[in-house]
Amino acid sequence: MIQTPYYLIDKSKLLANMEKIAWLRERSGAKALLALKCFATWGVFDFMRDYMDGTTSSSLNEVRLGHERFGKETHAYSVAYADYEIDEVVSHADKIIFNSIGQLQRFEQQSAGIIRGLRLNPGISSSSFDLADPARPFSRLGEWDVSQVEPVMDLISGFMIHNNCENGNFDLFDTMLGQIEQKFAPLLKKAEWVSLGGGIHFTGQDYPLEKFAERLKRFAGDYGVEVYLEPGEASITKSTTLEVTVLDTLYNGKDLVVVDSSIEAHMLDLLIYRESAKVSPNQGPHRYMVCGKSCLAGDIFGEFDFPSELNVGDRISIQDAAGYTMVKKNWFNGVKMPAIAIRELDGSLRTVREFSYADYEQSLS
């Protein structure tokens with residue numbers, strides 16, 4: 001058995017998402033780019049490459065990783081590029097998307113050799129968290145004034161619009177896209193391509209893929225544009241677990257177990273958004289609060305029901321642990337970094353990365 005903690009990517013579960021993406025690409029004509037900000041574990045890029053069109057990034061490091069490890073089409077986006085990195089960004093990208101007119105004009109000369117785009121902010125989103133809402137008041141994410149964008153249309157050929165966040169509601173997507181069309185129609189009619197970003201949970205159970213494909217195809221036809229999607233969570237949802245081991249049991253008004261992992265270090269979004277982890281089937285007569293081993297008092301995965309009592313040495317599988325985990329893992333408290341393992345389609349397991357004290361030491365000064 002592999003020593004815990006480790007992230008376990010199950011290719012058979014990943015395949016289910018990939019097949020839906022491939023079907024949607026064929027039926028709608030839209031292209032799908034893996035959003036590296038969500039998932040950048042390149043050990044499965046060779047598997048995902050057959051089902052997707054490339055990658056999209058949020059930094060120099062991500063665009064380089066996408067270019068070198070995934071290949072195919074590589075989109076570069078960043079909230080702001082620095083002078084010292086723009087040339088290298090351009091060297092790795094097929095398209096570069098600027099967040100503002102200021103950045104577009106500043107780097108007009110350096111980016112002249114590749115396709116350029118601009119991010120638009122429609123002022124609406126599906127986010128229920130202010131922290132993650134790209135349309136929040138005073139947002140810095142994209143341009144919103146059509147009259148300001150029209151004069152620079154000769155510098156760009158397309159747009160990126162990212163306003164969906166964990167949106168599994170097709171009707172909401174459809175309504176917001178209609179509002180985007182009303183606001184930005186003069187710009188869309190002049191574009192050659194439009195990325196509708198990520199955050200659309202179209203690989204989720206019971207999502208109306210037929211309606212989604214038809215809507216994307218209609219949007220592309222109405223404006224004469226090539227449509228891109230940037231699935232992050234949709235690419236890898238339910239494909240990965242975080243495998244942990246019980247180190248201690250306690251009782252302090254509730255039954256507690258401490259495991260060899262940490263939400264702050266290994267599943268940071270649970271802490272940021274005050275959400276509970278997932279354990280399946282989460283049924284049984286024995287309820288435990290599963291706690292991380294860091295010194296943070298709130299390092300808690302959640303409360304779950306188990307079929308039998310938990311003891312030191314028992315293992316727990318934390319579900320749906322791919323998105324925004326491996327890209328955010330950190331060395332808080334020096335807690336052991338989870339290894340990364342893959343379950344192949346034939347059921348065999350292999351470890352593709354382990355982290356040592358040297359990695360911890362070298363991450364510091």
# chains A, B, ... in the order shown; residues from 1 in each chain; ligands from 1
call {"tool": "residues_around", "arguments": {"residues": "Gln148 of chain A", "least_positions_apart": "4", "cutoff": "12 Å", "atoms": "only C-alpha atoms", "output": "list in words"}}
result
Ser100, Ile101, Gly102, Leu118, Leu120, Gly142, Glu143, Trp144, Val152, Met153, Phe184 and Leu187 of chain A
call {"tool": "write_last_selection", "arguments": {"atoms": "N, CA, C and O atoms", "output": "PDB file, in the first residue's frame"}}
result
ATOM      1  N   SER A 100      -6.690  44.096 -19.424  1.00  0.00           N
ATOM      2  CA  SER A 100      -7.093  45.501 -19.517  1.00  0.00           C
ATOM      3  C   SER A 100      -6.578  46.112 -20.815  1.00  0.00           C
ATOM      4  O   SER A 100      -5.624  45.612 -21.436  1.00  0.00           O
ATOM      5  N   ILE A 101      -7.202  47.205 -21.195  1.00  0.00           N
ATOM      6  CA  ILE A 101      -6.734  47.954 -22.359  1.00  0.00           C
ATOM      7  C   ILE A 101      -5.343  48.506 -22.101  1.00  0.00           C
ATOM      8  O   ILE A 101      -4.499  48.547 -23.008  1.00  0.00           O
ATOM      9  N   GLY A 102      -5.090  48.895 -20.866  1.00  0.00           N
ATOM     10  CA  GLY A 102      -3.768  49.416 -20.514  1.00  0.00           C
ATOM     11  C   GLY A 102      -2.666  48.418 -20.780  1.00  0.00           C
ATOM     12  O   GLY A 102      -1.622  48.761 -21.352  1.00  0.00           O
ATOM     13  N   LEU A 118      -8.865  40.196 -25.417  1.00  0.00           N
ATOM     14  CA  LEU A 118      -9.085  41.060 -24.263  1.00  0.00           C
ATOM     15  C   LEU A 118     -10.173  40.436 -23.398  1.00  0.00           C
ATOM     16  O   LEU A 118     -11.148  39.874 -23.914  1.00  0.00           O
ATOM     17  N   LEU A 120     -13.399  40.632 -21.118  1.00  0.00           N
ATOM     18  CA  LEU A 120     -14.559  41.480 -20.885  1.00  0.00           C
ATOM     19  C   LEU A 120     -15.218  41.088 -19.563  1.00  0.00           C
ATOM     20  O   LEU A 120     -15.275  39.908 -19.214  1.00  0.00           O
ATOM     21  N   GLY A 142     -11.148  42.485 -16.065  1.00  0.00           N
ATOM     22  CA  GLY A 142     -11.679  42.704 -17.401  1.00  0.00           C
ATOM     23  C   GLY A 142     -12.263  44.086 -17.633  1.00  0.00           C
ATOM     24  O   GLY A 142     -12.531  44.848 -16.698  1.00  0.00           O
ATOM     25  N   GLU A 143     -12.465  44.382 -18.912  1.00  0.00           N
ATOM     26  CA  GLU A 143     -13.045  45.663 -19.332  1.00  0.00           C
ATOM     27  C   GLU A 143     -14.564  45.519 -19.463  1.00  0.00           C
ATOM     28  O   GLU A 143     -15.067  44.485 -19.888  1.00  0.00           O
ATOM     29  N   TRP A 144     -15.296  46.576 -19.152  1.00  0.00           N
ATOM     30  CA  TRP A 144     -16.753  46.507 -19.157  1.00  0.00           C
ATOM     31  C   TRP A 144     -17.422  47.558 -20.056  1.00  0.00           C
ATOM     32  O   TRP A 144     -18.597  47.451 -20.389  1.00  0.00           O
ATOM     33  N   VAL A 152      -9.917  49.941 -29.708  1.00  0.00           N
ATOM     34  CA  VAL A 152      -8.731  49.072 -29.759  1.00  0.00           C
ATOM     35  C   VAL A 152      -9.024  47.749 -30.473  1.00  0.00           C
ATOM     36  O   VAL A 152      -8.220  46.817 -30.418  1.00  0.00           O
ATOM     37  N   MET A 153     -10.151  47.657 -31.152  1.00  0.00           N
ATOM     38  CA  MET A 153     -10.512  46.417 -31.839  1.00  0.00           C
ATOM     39  C   MET A 153      -9.507  46.027 -32.915  1.00  0.00           C
ATOM     40  O   MET A 153      -9.378  44.844 -33.254  1.00  0.00           O
ATOM     41  N   PHE A 184     -22.732  43.239 -25.120  1.00  0.00           N
ATOM     42  CA  PHE A 184     -21.502  43.268 -25.913  1.00  0.00           C
ATOM     43  C   PHE A 184     -21.703  42.936 -27.391  1.00  0.00           C
ATOM     44  O   PHE A 184     -20.726  42.711 -28.111  1.00  0.00           O
ATOM     45  N   LEU A 187     -19.392  44.375 -30.027  1.00  0.00           N
ATOM     46  CA  LEU A 187     -18.026  43.848 -29.991  1.00  0.00           C
ATOM     47  C   LEU A 187     -17.987  42.414 -30.510  1.00  0.00           C
ATOM     48  O   LEU A 187     -17.072  42.034 -31.252  1.00  0.00           O
TER      49      LEU A 187
END
call {"tool": "residues_around", "arguments": {"residues": "segment 247-263 of chain A", "least_positions_apart": "4", "cutoff": "10 Å", "atoms": "only C-alpha atoms", "output": "number ranges by chain"}}
result
A: 4-6, 242-243, 267-272, 276-277, 286-296, 298-301, 303, 309-316, 325, 329-330, 332-333, 335-338
call {"tool": "write_last_selection", "arguments": {"atoms": "C-alpha atoms", "output": "PDB file, in the first residue's frame"}}
result
ATOM      1  CA  THR A   4      -0.555   8.229   3.111  1.00  0.00           C
ATOM      2  CA  PRO A   5      -1.263  11.026   2.622  1.00  0.00           C
ATOM      3  CA  TYR A   6      -1.554  10.942  -1.150  1.00  0.00           C
ATOM      4  CA  LEU A 242      -7.114  12.348  -0.873  1.00  0.00           C
ATOM      5  CA  GLU A 243      -6.146   9.200   0.999  1.00  0.00           C
ATOM      6  CA  MET A 267      -7.333  21.173   0.573  1.00  0.00           C
ATOM      7  CA  LEU A 268      -7.070  24.898   1.114  1.00  0.00           C
ATOM      8  CA  ASP A 269     -10.364  25.830  -0.579  1.00  0.00           C
ATOM      9  CA  LEU A 270     -12.259  24.041   2.194  1.00  0.00           C
ATOM     10  CA  LEU A 271     -10.782  26.528   4.632  1.00  0.00           C
ATOM     11  CA  ILE A 272     -11.132  29.573   2.391  1.00  0.00           C
ATOM     12  CA  SER A 276     -16.873  20.553   4.385  1.00  0.00           C
ATOM     13  CA  ALA A 277     -14.955  17.808   2.658  1.00  0.00           C
ATOM     14  CA  HIS A 286     -20.640   6.119  14.105  1.00  0.00           C
ATOM     15  CA  ARG A 287     -20.199   9.869  13.668  1.00  0.00           C
ATOM     16  CA  TYR A 288     -16.762  11.484  13.804  1.00  0.00           C
ATOM     17  CA  MET A 289     -15.298  14.904  13.312  1.00  0.00           C
ATOM     18  CA  VAL A 290     -12.303  14.347  11.032  1.00  0.00           C
ATOM     19  CA  CYS A 291      -9.509  16.780  11.928  1.00  0.00           C
ATOM     20  CA  GLY A 292      -6.234  17.713  10.305  1.00  0.00           C
ATOM     21  CA  LYS A 293      -2.894  17.437  12.055  1.00  0.00           C
ATOM     22  CA  SER A 294      -1.751  21.048  11.757  1.00  0.00           C
ATOM     23  CA  CYS A 295      -1.817  23.426  14.729  1.00  0.00           C
ATOM     24  CA  LEU A 296      -4.659  25.482  13.226  1.00  0.00           C
ATOM     25  CA  GLY A 298     -10.068  25.110  12.556  1.00  0.00           C
ATOM     26  CA  ASP A 299      -8.190  22.466  10.581  1.00  0.00           C
ATOM     27  CA  ILE A 300     -11.279  20.264  10.222  1.00  0.00           C
ATOM     28  CA  PHE A 301     -12.356  18.225   7.203  1.00  0.00           C
ATOM     29  CA  GLU A 303     -18.236  15.533  10.378  1.00  0.00           C
ATOM     30  CA  GLU A 309     -15.759   2.684  14.826  1.00  0.00           C
ATOM     31  CA  LEU A 310     -12.558   4.336  13.623  1.00  0.00           C
ATOM     32  CA  ASN A 311      -9.244   3.327  15.124  1.00  0.00           C
ATOM     33  CA  VAL A 312      -5.651   4.427  14.750  1.00  0.00           C
ATOM     34  CA  GLY A 313      -4.340   3.109  11.434  1.00  0.00           C
ATOM     35  CA  ASP A 314      -7.683   3.141   9.632  1.00  0.00           C
ATOM     36  CA  ARG A 315      -7.754   4.850   6.268  1.00  0.00           C
ATOM     37  CA  ILE A 316     -10.265   7.426   5.021  1.00  0.00           C
ATOM     38  CA  THR A 325      -5.848  21.184  -4.251  1.00  0.00           C
ATOM     39  CA  LYS A 329      -0.888  22.586  -1.564  1.00  0.00           C
ATOM     40  CA  ASN A 330       1.684  24.170   0.734  1.00  0.00           C
ATOM     41  CA  PHE A 332       2.250  24.954   6.438  1.00  0.00           C
ATOM     42  CA  ASN A 333       3.616  23.477   9.676  1.00  0.00           C
ATOM     43  CA  VAL A 335       3.240  18.804   7.292  1.00  0.00           C
ATOM     44  CA  LYS A 336       4.191  16.041   4.897  1.00  0.00           C
ATOM     45  CA  MET A 337       3.171  16.905   1.358  1.00  0.00           C
ATOM     46  CA  PRO A 338       0.842  14.255  -0.128  1.00  0.00           C
TER      47      PRO A 338
END
call {"tool": "residues_around", "arguments": {"residues": "Lys13 of chain A", "least_positions_apart": "5", "cutoff": "12 Å", "atoms": "only C-alpha atoms", "output": "PyMOL selection string"}}
result
chain A and resi 8+18-20+203+235-241+319-320+322+342-345+347
call {"tool": "residues_around", "arguments": {"residues": "Arg218 of chain A", "least_positions_apart": "2", "cutoff": "12 Å", "atoms": "only C-alpha atoms", "output": "PDB file with N, CA and C atoms, in the first residue's frame"}}
result
ATOM      1  N   ARG A  27     -20.337  17.887 -30.855  1.00  0.00           N
ATOM      2  CA  ARG A  27     -21.717  18.289 -31.097  1.00  0.00           C
ATOM      3  C   ARG A  27     -21.878  19.801 -31.238  1.00  0.00           C
ATOM      4  N   SER A  28     -21.082  20.567 -30.491  1.00  0.00           N
ATOM      5  CA  SER A  28     -21.262  22.026 -30.481  1.00  0.00           C
ATOM      6  C   SER A  28     -20.292  22.766 -31.390  1.00  0.00           C
ATOM      7  N   GLY A  29     -19.141  22.138 -31.668  1.00  0.00           N
ATOM      8  CA  GLY A  29     -18.086  22.825 -32.404  1.00  0.00           C
ATOM      9  C   GLY A  29     -17.181  23.659 -31.535  1.00  0.00           C
ATOM     10  N   ALA A  30     -17.468  23.717 -30.244  1.00  0.00           N
ATOM     11  CA  ALA A  30     -16.630  24.494 -29.318  1.00  0.00           C
ATOM     12  C   ALA A  30     -15.350  23.744 -29.002  1.00  0.00           C
ATOM     13  N   ASP A 174     -27.712  30.147 -19.614  1.00  0.00           N
ATOM     14  CA  ASP A 174     -28.396  30.640 -20.799  1.00  0.00           C
ATOM     15  C   ASP A 174     -28.845  32.090 -20.613  1.00  0.00           C
ATOM     16  N   LEU A 177     -25.774  34.399 -20.599  1.00  0.00           N
ATOM     17  CA  LEU A 177     -25.202  34.545 -21.933  1.00  0.00           C
ATOM     18  C   LEU A 177     -26.062  35.497 -22.764  1.00  0.00           C
ATOM     19  N   GLY A 178     -27.358  35.434 -22.586  1.00  0.00           N
ATOM     20  CA  GLY A 178     -28.234  36.369 -23.274  1.00  0.00           C
ATOM     21  C   GLY A 178     -27.966  37.816 -22.854  1.00  0.00           C
ATOM     22  N   GLU A 181     -24.816  38.926 -24.516  1.00  0.00           N
ATOM     23  CA  GLU A 181     -25.069  39.265 -25.915  1.00  0.00           C
ATOM     24  C   GLU A 181     -25.681  40.655 -26.043  1.00  0.00           C
ATOM     25  N   LYS A 211     -28.866  20.579 -24.706  1.00  0.00           N
ATOM     26  CA  LYS A 211     -29.244  21.999 -24.708  1.00  0.00           C
ATOM     27  C   LYS A 211     -28.005  22.887 -24.693  1.00  0.00           C
ATOM     28  N   PHE A 212     -27.022  22.494 -23.899  1.00  0.00           N
ATOM     29  CA  PHE A 212     -25.787  23.270 -23.798  1.00  0.00           C
ATOM     30  C   PHE A 212     -25.082  23.320 -25.143  1.00  0.00           C
ATOM     31  N   ALA A 213     -24.978  22.172 -25.802  1.00  0.00           N
ATOM     32  CA  ALA A 213     -24.316  22.112 -27.111  1.00  0.00           C
ATOM     33  C   ALA A 213     -25.052  22.982 -28.122  1.00  0.00           C
ATOM     34  N   GLU A 214     -26.362  22.905 -28.112  1.00  0.00           N
ATOM     35  CA  GLU A 214     -27.149  23.696 -29.055  1.00  0.00           C
ATOM     36  C   GLU A 214     -26.965  25.190 -28.804  1.00  0.00           C
ATOM     37  N   ARG A 215     -26.912  25.581 -27.526  1.00  0.00           N
ATOM     38  CA  ARG A 215     -26.755  27.005 -27.197  1.00  0.00           C
ATOM     39  C   ARG A 215     -25.391  27.519 -27.633  1.00  0.00           C
ATOM     40  N   LEU A 216     -24.365  26.740 -27.430  1.00  0.00           N
ATOM     41  CA  LEU A 216     -23.028  27.140 -27.855  1.00  0.00           C
ATOM     42  C   LEU A 216     -22.952  27.260 -29.366  1.00  0.00           C
ATOM     43  N   ALA A 220     -22.186  30.670 -31.512  1.00  0.00           N
ATOM     44  CA  ALA A 220     -21.116  30.734 -32.512  1.00  0.00           C
ATOM     45  C   ALA A 220     -21.653  31.173 -33.862  1.00  0.00           C
ATOM     46  N   GLY A 221     -22.812  30.644 -34.240  1.00  0.00           N
ATOM     47  CA  GLY A 221     -23.380  30.990 -35.535  1.00  0.00           C
ATOM     48  C   GLY A 221     -23.895  32.416 -35.610  1.00  0.00           C
ATOM     49  N   ASP A 222     -24.503  32.878 -34.530  1.00  0.00           N
ATOM     50  CA  ASP A 222     -25.068  34.239 -34.518  1.00  0.00           C
ATOM     51  C   ASP A 222     -23.993  35.307 -34.696  1.00  0.00           C
ATOM     52  N   TYR A 223     -22.785  35.042 -34.178  1.00  0.00           N
ATOM     53  CA  TYR A 223     -21.738  36.065 -34.219  1.00  0.00           C
ATOM     54  C   TYR A 223     -20.567  35.693 -35.125  1.00  0.00           C
ATOM     55  N   GLY A 224     -20.638  34.523 -35.711  1.00  0.00           N
ATOM     56  CA  GLY A 224     -19.563  34.104 -36.600  1.00  0.00           C
ATOM     57  C   GLY A 224     -18.238  33.945 -35.890  1.00  0.00           C
ATOM     58  N   VAL A 225     -18.281  33.350 -34.664  1.00  0.00           N
ATOM     59  CA  VAL A 225     -17.068  33.214 -33.860  1.00  0.00           C
ATOM     60  C   VAL A 225     -16.786  31.748 -33.553  1.00  0.00           C
ATOM     61  N   GLU A 226     -15.528  31.476 -33.289  1.00  0.00           N
ATOM     62  CA  GLU A 226     -15.134  30.188 -32.741  1.00  0.00           C
ATOM     63  C   GLU A 226     -15.253  30.288 -31.230  1.00  0.00           C
ATOM     64  N   VAL A 227     -15.921  29.313 -30.613  1.00  0.00           N
ATOM     65  CA  VAL A 227     -16.179  29.346 -29.174  1.00  0.00           C
ATOM     66  C   VAL A 227     -15.197  28.442 -28.442  1.00  0.00           C
TER      67      VAL A 227
END
call {"tool": "select_by_dssp", "arguments": {"residues": "segment 205-346 of chain A", "states": "strand (DSSP E)", "output": "PyMOL selection string"}}
result
chain A and resi 226-229+240-251+255-259+278-279+286-291+300-306+315-319+339-343
